[in-house]
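For reference, start_3.cif is printed below; it contains mmCIF, C-alpha atoms and all ligand atoms.
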data_entry
#
loop_
_atom_site.label_atom_id
_atom_site.label_comp_id
_atom_site.auth_asym_id
_atom_site.auth_seq_id
_atom_site.Cartn_x
_atom_site.Cartn_y
_atom_site.Cartn_z
CA MET A 3 0.00 0.00 0.00
CA ASN A 4 1.59 3.21 -1.15
CA ASN A 5 -1.13 5.59 -0.04
CA ILE A 6 -1.82 5.33 3.66
CA PRO A 7 -5.47 6.16 4.28
CA TYR A 8 -6.68 7.53 7.59
CA THR A 9 -8.96 4.56 8.09
CA TYR A 10 -9.27 1.21 6.36
CA PRO A 11 -11.51 -1.63 7.50
CA LEU A 12 -9.67 -4.92 7.15
CA PHE A 13 -11.97 -7.78 6.19
CA GLY A 14 -10.85 -11.40 6.28
CA GLN A 15 -12.25 -14.85 5.73
CA GLN A 16 -14.64 -14.55 8.67
CA GLU A 17 -16.41 -11.57 7.14
CA ILE A 18 -16.56 -13.26 3.74
CA ASN A 19 -17.92 -16.44 5.33
CA SER A 20 -20.81 -14.80 7.14
CA LEU A 21 -21.88 -12.76 4.12
CA THR A 22 -21.67 -15.85 1.89
CA ASP A 23 -23.61 -17.87 4.44
CA LEU A 24 -26.37 -15.28 4.43
CA LEU A 25 -26.59 -15.02 0.65
CA GLN A 26 -26.74 -18.80 0.32
CA ASP A 27 -29.60 -19.13 2.78
CA ALA A 28 -32.63 -17.01 1.99
CA GLU A 29 -34.37 -18.19 5.14
CA LYS A 30 -31.64 -16.62 7.24
CA PHE A 31 -32.12 -13.47 5.21
CA THR A 32 -35.88 -13.25 5.70
CA SER A 33 -35.81 -14.29 9.36
CA GLU A 34 -33.13 -11.66 10.09
CA HIS A 35 -30.88 -14.34 11.52
CA TYR A 36 -27.74 -12.20 11.87
CA THR A 37 -29.61 -9.16 13.16
CA LYS A 38 -30.95 -11.34 15.97
CA LYS A 39 -27.50 -12.75 16.68
CA CYS A 40 -25.93 -9.29 16.80
CA ARG A 41 -28.67 -8.07 19.10
CA GLU A 42 -28.17 -11.04 21.46
CA TYR A 43 -24.44 -10.41 21.44
CA LEU A 44 -24.83 -6.72 22.25
CA LYS A 45 -27.52 -7.34 24.89
CA GLN A 46 -25.13 -9.67 26.67
CA TYR A 47 -22.19 -7.37 26.17
CA TYR A 48 -24.00 -4.29 27.52
CA GLU A 49 -26.21 -6.24 29.96
CA THR A 50 -29.30 -4.31 28.87
CA GLU A 51 -31.68 -3.93 25.93
CA VAL A 52 -30.01 -2.95 22.65
CA LEU A 53 -31.73 -2.23 19.32
CA LEU A 54 -29.68 -2.42 16.11
CA THR A 55 -30.22 0.57 13.83
CA HIS A 56 -29.03 1.61 10.40
CA SER A 57 -26.78 4.28 11.96
CA CYS A 58 -25.81 6.08 15.11
CA THR A 59 -27.75 9.00 13.63
CA ALA A 60 -30.88 6.81 13.75
CA ALA A 61 -30.19 5.86 17.39
CA LEU A 62 -29.83 9.55 18.29
CA GLU A 63 -33.07 10.36 16.46
CA MET A 64 -34.83 7.58 18.36
CA SER A 65 -33.47 9.07 21.60
CA ALA A 66 -34.92 12.48 20.74
CA LEU A 67 -38.31 10.91 19.95
CA LEU A 68 -38.20 8.90 23.19
CA LEU A 69 -37.64 12.09 25.17
CA ASP A 70 -40.58 13.74 23.37
CA ILE A 71 -38.41 16.66 22.34
CA LYS A 72 -40.63 19.56 21.25
CA PRO A 73 -40.10 23.03 19.78
CA GLY A 74 -38.69 25.29 22.47
CA ASP A 75 -36.98 22.52 24.43
CA GLU A 76 -33.26 22.89 24.94
CA VAL A 77 -30.45 20.36 24.94
CA ILE A 78 -26.86 20.76 26.11
CA LEU A 79 -24.01 19.33 24.04
CA PRO A 80 -20.44 20.04 23.00
CA SER A 81 -19.92 21.99 19.78
CA TYR A 82 -16.96 19.78 18.97
CA THR A 83 -18.88 16.77 17.67
CA TYR A 84 -20.42 15.24 14.58
CA VAL A 85 -23.51 16.87 13.07
CA SER A 86 -25.86 14.03 14.07
CA THR A 87 -25.46 14.67 17.81
CA ALA A 88 -27.18 18.02 17.26
CA ASN A 89 -29.34 17.31 14.24
CA ALA A 90 -31.37 14.56 15.91
CA PHE A 91 -32.65 17.11 18.45
CA ALA A 92 -32.75 20.20 16.23
CA LYS A 93 -35.05 18.49 13.71
CA LEU A 94 -37.69 18.18 16.45
CA GLY A 95 -37.40 21.88 17.25
CA ALA A 96 -34.92 21.81 20.12
CA LYS A 97 -32.59 24.73 20.68
CA LEU A 98 -28.96 23.80 21.15
CA ALA A 99 -26.91 25.02 24.11
CA PHE A 100 -23.32 24.44 23.10
CA VAL A 101 -20.69 24.05 25.80
CA ASP A 102 -16.92 24.27 25.39
CA ILE A 103 -14.59 21.27 25.57
CA GLN A 104 -11.71 20.43 27.87
CA GLU A 105 -8.30 20.99 26.37
CA ASP A 106 -6.91 17.68 27.61
CA THR A 107 -9.61 15.23 26.40
CA LEU A 108 -11.64 17.30 23.89
CA ASN A 109 -14.72 16.18 25.84
CA ILE A 110 -17.49 18.50 27.05
CA ASP A 111 -16.33 20.64 29.98
CA ALA A 112 -18.74 19.38 32.65
CA SER A 113 -18.01 22.36 34.91
CA GLN A 114 -19.68 24.67 32.35
CA ILE A 115 -22.90 22.70 31.97
CA GLU A 116 -24.83 24.17 34.87
CA SER A 117 -24.41 27.71 33.57
CA VAL A 118 -26.52 26.95 30.46
CA ILE A 119 -29.36 25.07 32.17
CA THR A 120 -32.74 26.81 31.93
CA PRO A 121 -36.28 25.67 32.83
CA ARG A 122 -36.58 24.48 29.19
CA THR A 123 -33.52 22.20 29.30
CA LYS A 124 -34.41 18.56 28.69
CA ALA A 125 -31.16 16.69 28.15
CA ILE A 126 -27.39 16.65 28.28
CA ILE A 127 -25.67 14.84 25.41
CA PRO A 128 -22.05 14.04 26.25
CA VAL A 129 -19.85 12.75 23.41
CA HIS A 130 -17.01 10.48 24.52
CA TYR A 131 -14.37 11.73 22.10
CA ALA A 132 -11.93 9.04 20.99
CA ALA A 133 -13.69 6.64 23.39
CA ILE A 134 -12.21 8.46 26.37
CA GLY A 135 -15.09 8.86 28.81
CA CYS A 136 -16.52 12.28 29.71
CA ASP A 137 -16.71 13.24 33.37
CA MET A 138 -19.87 11.17 33.86
CA LYS A 139 -20.04 11.44 37.64
CA VAL A 140 -20.37 15.22 37.44
CA ILE A 141 -22.68 15.06 34.40
CA ASN A 142 -25.02 12.51 36.00
CA ASP A 143 -25.10 14.46 39.28
CA ILE A 144 -26.07 17.66 37.46
CA ALA A 145 -28.67 15.76 35.43
CA SER A 146 -30.35 14.24 38.47
CA ALA A 147 -30.30 17.54 40.39
CA HIS A 148 -32.10 19.24 37.47
CA HIS A 149 -34.22 16.24 36.32
CA LEU A 150 -32.53 16.04 32.93
CA SER A 151 -31.92 12.99 30.76
CA VAL A 152 -28.38 12.02 29.80
CA ILE A 153 -28.08 10.69 26.25
CA GLU A 154 -24.57 9.43 25.56
CA ASP A 155 -23.16 9.72 22.08
CA ALA A 156 -20.92 6.67 22.36
CA ALA A 157 -20.32 6.41 18.59
CA HIS A 158 -16.57 5.89 19.10
CA CYS A 159 -16.80 3.67 22.12
CA ILE A 160 -17.35 -0.04 21.58
CA GLY A 161 -14.59 -1.93 23.38
CA ALA A 162 -13.79 0.95 25.77
CA TYR A 163 -14.29 1.20 29.54
CA TYR A 164 -14.95 4.03 31.94
CA HIS A 165 -14.21 3.17 35.57
CA GLY A 166 -14.95 -0.46 34.76
CA LYS A 167 -18.22 0.32 32.96
CA LYS A 168 -18.95 0.54 29.26
CA PRO A 169 -19.61 3.98 27.75
CA GLY A 170 -23.17 3.94 26.44
CA THR A 171 -24.45 2.36 29.67
CA LEU A 172 -23.78 5.39 31.85
CA GLY A 173 -26.74 7.57 30.84
CA ARG A 174 -30.43 6.98 30.22
CA LEU A 175 -29.77 6.04 26.58
CA GLY A 176 -26.59 5.46 24.63
CA SER A 177 -25.86 5.29 20.91
CA LEU A 178 -23.18 3.41 18.99
CA SER A 179 -21.94 3.68 15.41
CA PHE A 180 -20.78 0.89 13.13
CA HIS A 181 -20.02 3.21 10.23
CA HIS A 182 -16.98 2.09 8.23
CA THR A 183 -14.84 4.76 9.90
CA LYS A 184 -15.41 3.23 13.35
CA ASN A 185 -13.56 0.36 15.07
CA ILE A 186 -16.21 -2.29 14.35
CA THR A 187 -18.19 -1.88 11.17
CA SER A 188 -21.28 -3.06 9.34
CA GLY A 189 -20.83 -0.53 6.53
CA HIS A 190 -23.53 1.74 7.84
CA GLY A 191 -24.98 0.74 11.17
CA GLY A 192 -25.52 1.62 14.78
CA ALA A 193 -27.31 0.71 17.96
CA LEU A 194 -29.42 2.23 20.69
CA ILE A 195 -28.54 1.10 24.22
CA ILE A 196 -31.54 1.44 26.52
CA ASN A 197 -30.53 1.73 30.15
CA ASP A 198 -33.85 3.09 31.42
CA LYS A 199 -36.12 0.04 31.25
CA SER A 200 -39.26 2.21 31.15
CA LEU A 201 -38.27 3.31 27.63
CA ILE A 202 -37.91 -0.16 26.10
CA HIS A 203 -41.53 -0.70 25.09
CA ARG A 204 -41.85 2.60 23.23
CA ALA A 205 -38.34 2.34 21.78
CA LYS A 206 -39.29 -0.88 20.00
CA ILE A 207 -42.36 0.83 18.50
CA ILE A 208 -40.38 3.87 17.31
CA TRP A 209 -37.76 1.49 15.90
CA GLN A 210 -40.35 -0.45 13.87
CA LYS A 211 -41.96 2.47 11.98
CA GLY A 212 -44.29 3.34 14.85
CA THR A 213 -45.87 -0.11 14.93
CA ASN A 214 -45.94 -2.93 17.47
CA ARG A 215 -44.32 -5.26 14.93
CA GLU A 216 -41.74 -6.29 17.52
CA ALA A 217 -44.50 -7.57 19.86
CA PHE A 218 -45.92 -9.44 16.86
CA ILE A 219 -42.53 -11.04 16.09
CA GLU A 220 -42.17 -11.99 19.76
CA GLY A 221 -45.62 -13.64 19.60
CA PHE A 222 -47.44 -11.31 22.00
CA VAL A 223 -50.02 -10.11 19.45
CA ASP A 224 -51.44 -11.81 16.34
CA LYS A 225 -51.27 -8.72 14.11
CA TYR A 226 -49.53 -5.42 14.34
CA THR A 227 -50.82 -1.88 13.85
CA TRP A 228 -49.71 1.72 13.90
CA GLN A 229 -49.19 2.78 17.53
CA ASP A 230 -47.08 5.91 17.64
CA VAL A 231 -44.62 8.03 15.68
CA GLY A 232 -41.55 6.22 14.44
CA SER A 233 -39.52 5.47 11.38
CA SER A 234 -37.64 2.69 9.64
CA TYR A 235 -34.67 2.67 11.98
CA VAL A 236 -33.80 -1.03 11.77
CA ILE A 237 -30.43 -2.20 10.45
CA ASN A 238 -30.45 -4.34 7.29
CA GLU A 239 -29.58 -8.01 7.39
CA MET A 240 -26.52 -7.83 5.14
CA SER A 241 -25.00 -5.21 7.41
CA SER A 242 -25.76 -7.45 10.38
CA ALA A 243 -23.99 -10.43 8.79
CA LEU A 244 -20.87 -8.30 8.41
CA LEU A 245 -21.30 -6.86 11.89
CA TYR A 246 -21.63 -10.28 13.46
CA SER A 247 -18.26 -11.41 12.14
CA GLN A 248 -16.70 -8.12 13.27
CA LEU A 249 -18.18 -8.49 16.76
CA GLN A 250 -16.54 -11.92 17.01
CA ARG A 251 -13.25 -10.09 16.55
CA LEU A 252 -14.04 -7.16 18.86
CA GLU A 253 -11.32 -8.00 21.35
CA GLU A 254 -8.72 -8.72 18.67
CA ILE A 255 -9.45 -5.48 16.79
CA THR A 256 -9.47 -3.44 20.01
CA GLN A 257 -6.16 -4.89 21.19
CA LYS A 258 -4.48 -4.22 17.85
CA ARG A 259 -5.72 -0.63 17.73
CA VAL A 260 -4.70 0.05 21.31
CA ALA A 261 -1.22 -1.31 20.54
CA ILE A 262 -0.93 1.07 17.56
CA TRP A 263 -2.18 3.93 19.71
CA GLN A 264 0.53 3.09 22.28
CA ARG A 265 3.22 3.01 19.58
CA TYR A 266 2.30 6.53 18.53
CA HIS A 267 2.03 7.69 22.11
CA GLN A 268 5.52 6.47 23.02
CA ALA A 269 7.05 7.65 19.78
CA PHE A 270 5.86 11.24 20.28
CA SER A 271 6.56 11.63 23.99
CA ASP A 272 9.57 13.85 23.48
CA ALA A 273 7.91 15.67 20.56
CA GLU A 274 5.54 16.89 23.22
CA ILE A 275 8.32 18.22 25.40
CA LYS A 276 10.67 19.53 22.71
CA TYR A 277 8.28 20.72 20.02
CA GLN A 278 5.00 21.37 21.88
CA PHE A 279 2.99 18.87 19.86
CA LYS A 280 0.57 17.79 22.57
CA ARG A 281 -0.50 14.17 22.89
CA PRO A 282 -3.93 13.01 24.11
CA THR A 283 -4.56 12.73 27.85
CA VAL A 284 -6.22 9.62 29.22
CA PRO A 285 -7.72 10.38 32.64
CA VAL A 286 -7.49 7.78 35.41
CA GLY A 287 -10.27 5.20 35.03
CA CYS A 288 -10.55 5.60 31.24
CA GLU A 289 -9.61 2.61 29.13
CA HIS A 290 -10.04 3.65 25.50
CA ASN A 291 -10.23 1.39 22.45
CA GLY A 292 -7.62 2.99 20.18
CA HIS A 293 -10.28 4.69 18.08
CA ILE A 294 -8.39 7.95 17.42
CA TYR A 295 -4.78 9.05 17.84
CA TYR A 296 -4.11 12.74 17.47
CA LEU A 297 -1.53 15.42 18.11
CA ILE A 298 -2.40 19.04 18.89
CA ALA A 299 0.07 21.24 17.02
CA PRO A 300 1.36 24.37 18.78
CA THR A 301 -0.24 26.64 16.14
CA GLU A 302 -2.77 26.45 13.33
CA LYS A 303 0.02 27.14 10.87
CA SER A 304 2.13 24.22 12.06
CA ALA A 305 -0.91 21.92 11.93
CA ILE A 306 -1.69 22.88 8.32
CA GLU A 307 1.96 22.52 7.38
CA LEU A 308 2.27 19.08 9.00
CA ARG A 309 -0.92 17.83 7.33
CA GLN A 310 0.30 19.06 3.95
CA ARG A 311 3.73 17.50 4.27
CA LEU A 312 2.23 14.18 5.32
CA SER A 313 -0.20 14.40 2.46
CA SER A 314 2.71 14.85 0.02
CA ALA A 315 4.20 11.70 1.51
CA LYS A 316 0.81 10.01 0.85
CA ILE A 317 -0.04 9.75 4.53
CA SER A 318 -3.54 10.92 5.31
CA ALA A 319 -3.64 12.98 8.52
CA PRO A 320 -6.93 14.84 8.68
CA PHE A 321 -8.23 17.42 11.13
CA HIS A 322 -11.59 16.57 12.67
CA TYR A 323 -14.89 18.29 13.48
CA LEU A 324 -15.65 21.83 12.41
CA PRO A 325 -17.29 23.26 15.54
CA LEU A 326 -21.05 23.08 15.10
CA HIS A 327 -21.72 26.53 16.56
CA LEU A 328 -19.67 28.02 13.71
CA SER A 329 -21.70 26.22 11.04
CA PRO A 330 -24.73 27.81 9.31
CA ALA A 331 -27.24 25.38 10.85
CA GLY A 332 -25.50 25.30 14.22
CA SER A 333 -25.81 29.03 14.67
CA ARG A 334 -29.42 28.98 13.42
CA PHE A 335 -30.50 26.28 15.90
CA SER A 336 -28.48 27.41 18.89
CA ILE A 337 -29.80 29.48 21.78
CA LYS A 338 -27.43 32.35 21.14
CA GLN A 339 -24.12 33.06 19.50
CA PHE A 340 -21.50 31.37 21.64
CA SER A 341 -17.87 31.97 22.08
CA LEU A 342 -16.24 28.67 22.88
CA PRO A 343 -12.55 29.59 22.95
CA ILE A 344 -11.00 26.15 23.49
CA CYS A 345 -13.08 24.45 20.83
CA GLU A 346 -12.47 27.35 18.39
CA ASN A 347 -8.77 27.05 18.93
CA ILE A 348 -8.24 23.26 19.10
CA TYR A 349 -10.12 22.36 15.94
CA LYS A 350 -7.57 24.26 13.90
CA ARG A 351 -4.61 22.56 15.57
CA ILE A 352 -5.61 18.90 15.67
CA VAL A 353 -3.85 16.41 13.41
CA ARG A 354 -5.19 12.85 13.47
CA LEU A 355 -2.86 10.04 12.50
CA PRO A 356 -3.91 6.96 10.53
CA ILE A 357 -5.09 4.13 12.76
CA TRP A 358 -6.52 0.79 11.65
CA GLU A 359 -6.03 -2.90 12.00
CA GLY A 360 -3.21 -3.87 9.62
CA ILE A 361 -1.38 -0.54 9.74
CA GLU A 362 1.37 -2.24 11.79
CA LEU A 363 3.15 -2.82 8.45
CA HIS A 364 3.44 0.93 7.85
CA ILE A 365 3.71 2.31 11.35
CA ASP A 366 7.50 2.76 11.41
CA ARG A 367 7.41 4.76 8.20
CA ILE A 368 4.55 6.93 9.48
CA ILE A 369 6.19 7.62 12.83
CA GLU A 370 9.50 8.45 11.24
CA LYS A 371 7.90 10.79 8.73
CA VAL A 372 5.75 12.57 11.31
CA TYR A 373 8.71 12.96 13.63
CA THR A 374 10.98 14.32 10.93
CA GLU A 375 8.37 16.84 9.82
CA ILE A 376 7.66 17.97 13.38
CA GLN A 377 11.37 18.61 13.90
CA GLY A 378 11.55 20.63 10.73
CA LEU A 379 8.56 22.89 11.50
C1 LIG B 401 -19.73 8.70 13.47
C2 LIG B 401 -20.41 9.54 14.48
C3 LIG B 401 -21.80 9.73 14.47
C4 LIG B 401 -22.68 9.26 13.35
O1 LIG B 401 -22.65 7.92 13.17
P1 LIG B 401 -23.43 7.27 11.91
O2 LIG B 401 -23.44 5.81 12.27
O3 LIG B 401 -22.62 7.57 10.70
O4 LIG B 401 -24.78 7.85 11.88
C5 LIG B 401 -22.39 10.43 15.51
N1 LIG B 401 -21.65 10.96 16.50
C6 LIG B 401 -20.32 10.82 16.54
C7 LIG B 401 -19.54 11.40 17.67
C8 LIG B 401 -19.65 10.13 15.52
O5 LIG B 401 -18.32 10.02 15.53
#
Can I see the file as structure tokens?
Ligand SMILES: *Cc1c(COP(=O)(O)O)cnc(C)c1O
Amino acid sequence: MNNIPYTYPLFGQQEINSLTDLLQDAEKFTSEHYTKKCREYLKQYYETEVLLTHSCTAALEMSALLLDIKPGDEVILPSYTYVSTANAFAKLGAKLAFVDIQEDTLNIDASQIESVITPRTKAIIPVHYAAIGCDMKVINDIASAHHLSVIEDAAHCIGAYYHGKKPGTLGRLGSLSFHHTKNITSGHGGALIINDKSLIHRAKIIWQKGTNREAFIEGFVDKYTWQDVGSSYVINEMSSALLYSQLQRLEEITQKRVAIWQRYHQAFSDAEIKYQFKRPTVPVGCEHNGHIYYLIAPTEKSAIELRQRLSSAKISAPFHYLPLHLSPAGSRFSIKQFSLPICENIYKRIVRLPIWEGIELHIDRIIEKVYTEIQGL
């Protein structure tokens, strides 16, 4: 491989076998065999109800419907996140209260949450950036003091731990992504983790186009009808077949990615001291899954320069989110114009390094190139 992409899902015989198995057995296809198997796997893994969806976006949209978000409601979230975290709530009329991030983890700064709570606030949506857990003790305490729901965007998080628990199980609802840029993939795919048992019944209805089809499949009713709002949020069976084989390798993939992450982290320890390229911080109690490795360049100029030089060497090293509050829709849907100084500064300085299973073959070349360029900047 001459061009080193930022991300590259590595499929092997296991993935080929489960897709072939599905295509050779139409009964498995129509009975949603692999979707059921994935759901069982994830229910055991998270020790609660999990519904497979076609994306994390869908799981976030289901969360907003489950909370009955209405025009005029407000939700609190970081600006440094993917569009879907905000869009799922904005499309139901919620106003967005963006909060700044912490410089060390790029997670929502929990100490600033209380200052944006109003009587209209309904939820806090922490995003565990790079699968490094947000300060959930503080966030959950604030939420219970103000009777707010916590909806975790755990898109990055499968395989990670936060003080021994799995991100996605720490709030009322959690959402996962299996998009092909994430650690475990089904192409497009996601899941809703339901930690508040009182939401399970309605979640299944919303999931199945607003019908009680799930109760019908489970044999509780002999026909199903329209019950509530909903949409077609279910994952498709081919995605599930791929996902199932990936889930079998969850531990293997996680270990490999964490090892790559560690290689980078060791390799750049003195770049941090000598050249002020800051490495990620992993707070005590956080066990990430090697989803993202990044460096924060000392200036915007040095970040642009480093990205360009790596790009000339055919190494893809992208920046990440454009802060939502600076986007056209983000400013339209937010409560007011915010100034979020850390977020506005960091997004220009971040440089993500390629990380995927199989990159071991190229890692020495990448590290050497990055190091040489950093020295020359
Ligand atoms: C990838 C991602 C999403 C969207 O996931 P999809 O499965 O593509 O809908 C949402 N939030 C975060 C933080 C993400 O990284």
Which residues of stretch 155-248 of chain A have any atom within 8 Å of an atom in stretch 288-295 of chain A when counting all atoms listed in the file, and what is the closest pair of atoms for each, with the distance in Å to one decimal? Order the rows by chain and rising number and write it as CSV.
residue,atom,partner,partner_atom,distance
A:His158,CA,A:His293,CA,6.5
A:Cys159,CA,A:Asn291,CA,7.0
A:Ile160,CA,A:Asn291,CA,7.3
A:Gly161,CA,A:Asn291,CA,5.6
A:Ala162,CA,A:His290,CA,4.6
A:Tyr163,CA,A:Glu289,CA,4.9
A:Tyr164,CA,A:Cys288,CA,4.7
A:His165,CA,A:Cys288,CA,6.2
A:Lys184,CA,A:His293,CA,7.1
A:Asn185,CA,A:His293,CA,6.2
message: Just checking: using all atoms listed in the file, which residue out of A:Leu21, A:Leu379, A:Leu44, A:Ala60 ends up closest to A:Ala305?
response: A:Leu379
Counting all atoms listed in the file, which residues of chain A fall within 10 Å of ligand LIG 401 (chain B), and what is the closest atom pair for each with its distance in Å at one decimal, ordered by chain and rising number, as a tab-separated table?
residue	atom	partner	partner_atom	distance
A:Thr55	CA	B:LIG401	O2	8.7
A:His56	CA	B:LIG401	O2	7.2
A:Ser57	CA	B:LIG401	O2	3.7
A:Cys58	CA	B:LIG401	O2	3.7
A:Thr59	CA	B:LIG401	O4	3.6
A:Ala60	CA	B:LIG401	O4	6.5
A:Ala61	CA	B:LIG401	O4	8.0
A:Leu62	CA	B:LIG401	C5	8.0
A:Glu63	CA	B:LIG401	O4	9.8
A:Tyr82	CA	B:LIG401	C7	8.9
A:Thr83	CA	B:LIG401	C7	5.4
A:Tyr84	CA	B:LIG401	C6	4.8
A:Val85	CA	B:LIG401	C5	7.0
A:Ser86	CA	B:LIG401	C5	5.2
A:Thr87	CA	B:LIG401	N1	5.5
A:Ala88	CA	B:LIG401	N1	9.0
A:Asn89	CA	B:LIG401	C5	9.9
A:Ala90	CA	B:LIG401	C5	9.9
A:Pro128	CA	B:LIG401	C7	9.3
A:Val129	CA	B:LIG401	C7	5.9
A:His130	CA	B:LIG401	C7	7.4
A:Tyr131	CA	B:LIG401	C7	6.8
A:Ala132	CA	B:LIG401	O5	8.5
A:Ala133	CA	B:LIG401	C7	9.5
A:Glu154	CA	B:LIG401	C7	9.6
A:Asp155	CA	B:LIG401	N1	5.9
A:Ala156	CA	B:LIG401	C7	6.8
A:Ala157	CA	B:LIG401	C6	4.9
A:His158	CA	B:LIG401	O5	5.7
A:Cys159	CA	B:LIG401	O5	9.3
A:Ser177	CA	B:LIG401	C5	8.2
A:Leu178	CA	B:LIG401	O2	7.1
A:Ser179	CA	B:LIG401	O2	4.1
A:Phe180	CA	B:LIG401	O2	5.7
A:His181	CA	B:LIG401	O2	4.8
A:His182	CA	B:LIG401	O3	8.2
A:Thr183	CA	B:LIG401	C1	7.2
A:Lys184	CA	B:LIG401	C1	7.0
A:Thr187	CA	B:LIG401	O2	9.4
A:Ser188	CA	B:LIG401	O2	9.6
A:Gly189	CA	B:LIG401	O2	8.9
A:His190	CA	B:LIG401	O2	6.0
A:Gly191	CA	B:LIG401	O2	5.4
A:Gly192	CA	B:LIG401	O2	5.3
A:Ala193	CA	B:LIG401	O2	8.6
A:His293	CA	B:LIG401	O5	10.0
A:His322	CA	B:LIG401	O5	9.8
A:Tyr323	CA	B:LIG401	O5	9.2
field: Atomic separation - atom CA of A:Ile127 relative to atom CA of A:Gly176, Å
entry: 9.5 Å
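Residues in contact with A:Trp228 at 7 Å, where only C-alpha atoms are counted and same-chain residues fewer than 2 positions away are skipped, are listed as Gly212, Thr213, Asn214 and Asp230 of chain A.
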Atoms kept (C-alpha atoms) for stretch 42-93 of chain A, as an mmCIF file, in the first residue's frame:
data_model
loop_
_atom_site.group_PDB
_atom_site.id
_atom_site.type_symbol
_atom_site.label_atom_id
_atom_site.label_comp_id
_atom_site.auth_asym_id
_atom_site.auth_seq_id
_atom_site.Cartn_x
_atom_site.Cartn_y
_atom_site.Cartn_z
ATOM 1 C CA GLU A 42 -28.167 -11.042 21.456
ATOM 2 C CA TYR A 43 -24.436 -10.411 21.442
ATOM 3 C CA LEU A 44 -24.833 -6.719 22.247
ATOM 4 C CA LYS A 45 -27.517 -7.341 24.888
ATOM 5 C CA GLN A 46 -25.126 -9.667 26.674
ATOM 6 C CA TYR A 47 -22.192 -7.370 26.172
ATOM 7 C CA TYR A 48 -24.001 -4.291 27.525
ATOM 8 C CA GLU A 49 -26.212 -6.236 29.963
ATOM 9 C CA THR A 50 -29.296 -4.312 28.875
ATOM 10 C CA GLU A 51 -31.683 -3.927 25.926
ATOM 11 C CA VAL A 52 -30.006 -2.949 22.648
ATOM 12 C CA LEU A 53 -31.727 -2.229 19.321
ATOM 13 C CA LEU A 54 -29.678 -2.418 16.110
ATOM 14 C CA THR A 55 -30.224 0.575 13.835
ATOM 15 C CA HIS A 56 -29.032 1.608 10.398
ATOM 16 C CA SER A 57 -26.781 4.280 11.959
ATOM 17 C CA CYS A 58 -25.814 6.081 15.115
ATOM 18 C CA THR A 59 -27.747 9.002 13.634
ATOM 19 C CA ALA A 60 -30.877 6.812 13.754
ATOM 20 C CA ALA A 61 -30.190 5.856 17.390
ATOM 21 C CA LEU A 62 -29.833 9.545 18.288
ATOM 22 C CA GLU A 63 -33.071 10.362 16.456
ATOM 23 C CA MET A 64 -34.830 7.579 18.357
ATOM 24 C CA SER A 65 -33.467 9.074 21.596
ATOM 25 C CA ALA A 66 -34.917 12.484 20.744
ATOM 26 C CA LEU A 67 -38.307 10.911 19.954
ATOM 27 C CA LEU A 68 -38.202 8.896 23.192
ATOM 28 C CA LEU A 69 -37.645 12.091 25.174
ATOM 29 C CA ASP A 70 -40.580 13.739 23.369
ATOM 30 C CA ILE A 71 -38.407 16.657 22.339
ATOM 31 C CA LYS A 72 -40.632 19.560 21.246
ATOM 32 C CA PRO A 73 -40.096 23.028 19.777
ATOM 33 C CA GLY A 74 -38.687 25.287 22.469
ATOM 34 C CA ASP A 75 -36.976 22.516 24.433
ATOM 35 C CA GLU A 76 -33.259 22.895 24.943
ATOM 36 C CA VAL A 77 -30.450 20.360 24.945
ATOM 37 C CA ILE A 78 -26.857 20.759 26.108
ATOM 38 C CA LEU A 79 -24.008 19.334 24.041
ATOM 39 C CA PRO A 80 -20.438 20.041 22.998
ATOM 40 C CA SER A 81 -19.919 21.987 19.780
ATOM 41 C CA TYR A 82 -16.957 19.779 18.973
ATOM 42 C CA THR A 83 -18.876 16.767 17.669
ATOM 43 C CA TYR A 84 -20.415 15.238 14.585
ATOM 44 C CA VAL A 85 -23.511 16.869 13.070
ATOM 45 C CA SER A 86 -25.856 14.029 14.066
ATOM 46 C CA THR A 87 -25.458 14.667 17.806
ATOM 47 C CA ALA A 88 -27.181 18.015 17.263
ATOM 48 C CA ASN A 89 -29.344 17.314 14.237
ATOM 49 C CA ALA A 90 -31.373 14.557 15.909
ATOM 50 C CA PHE A 91 -32.652 17.112 18.445
ATOM 51 C CA ALA A 92 -32.747 20.202 16.225
ATOM 52 C CA LYS A 93 -35.049 18.486 13.713
#
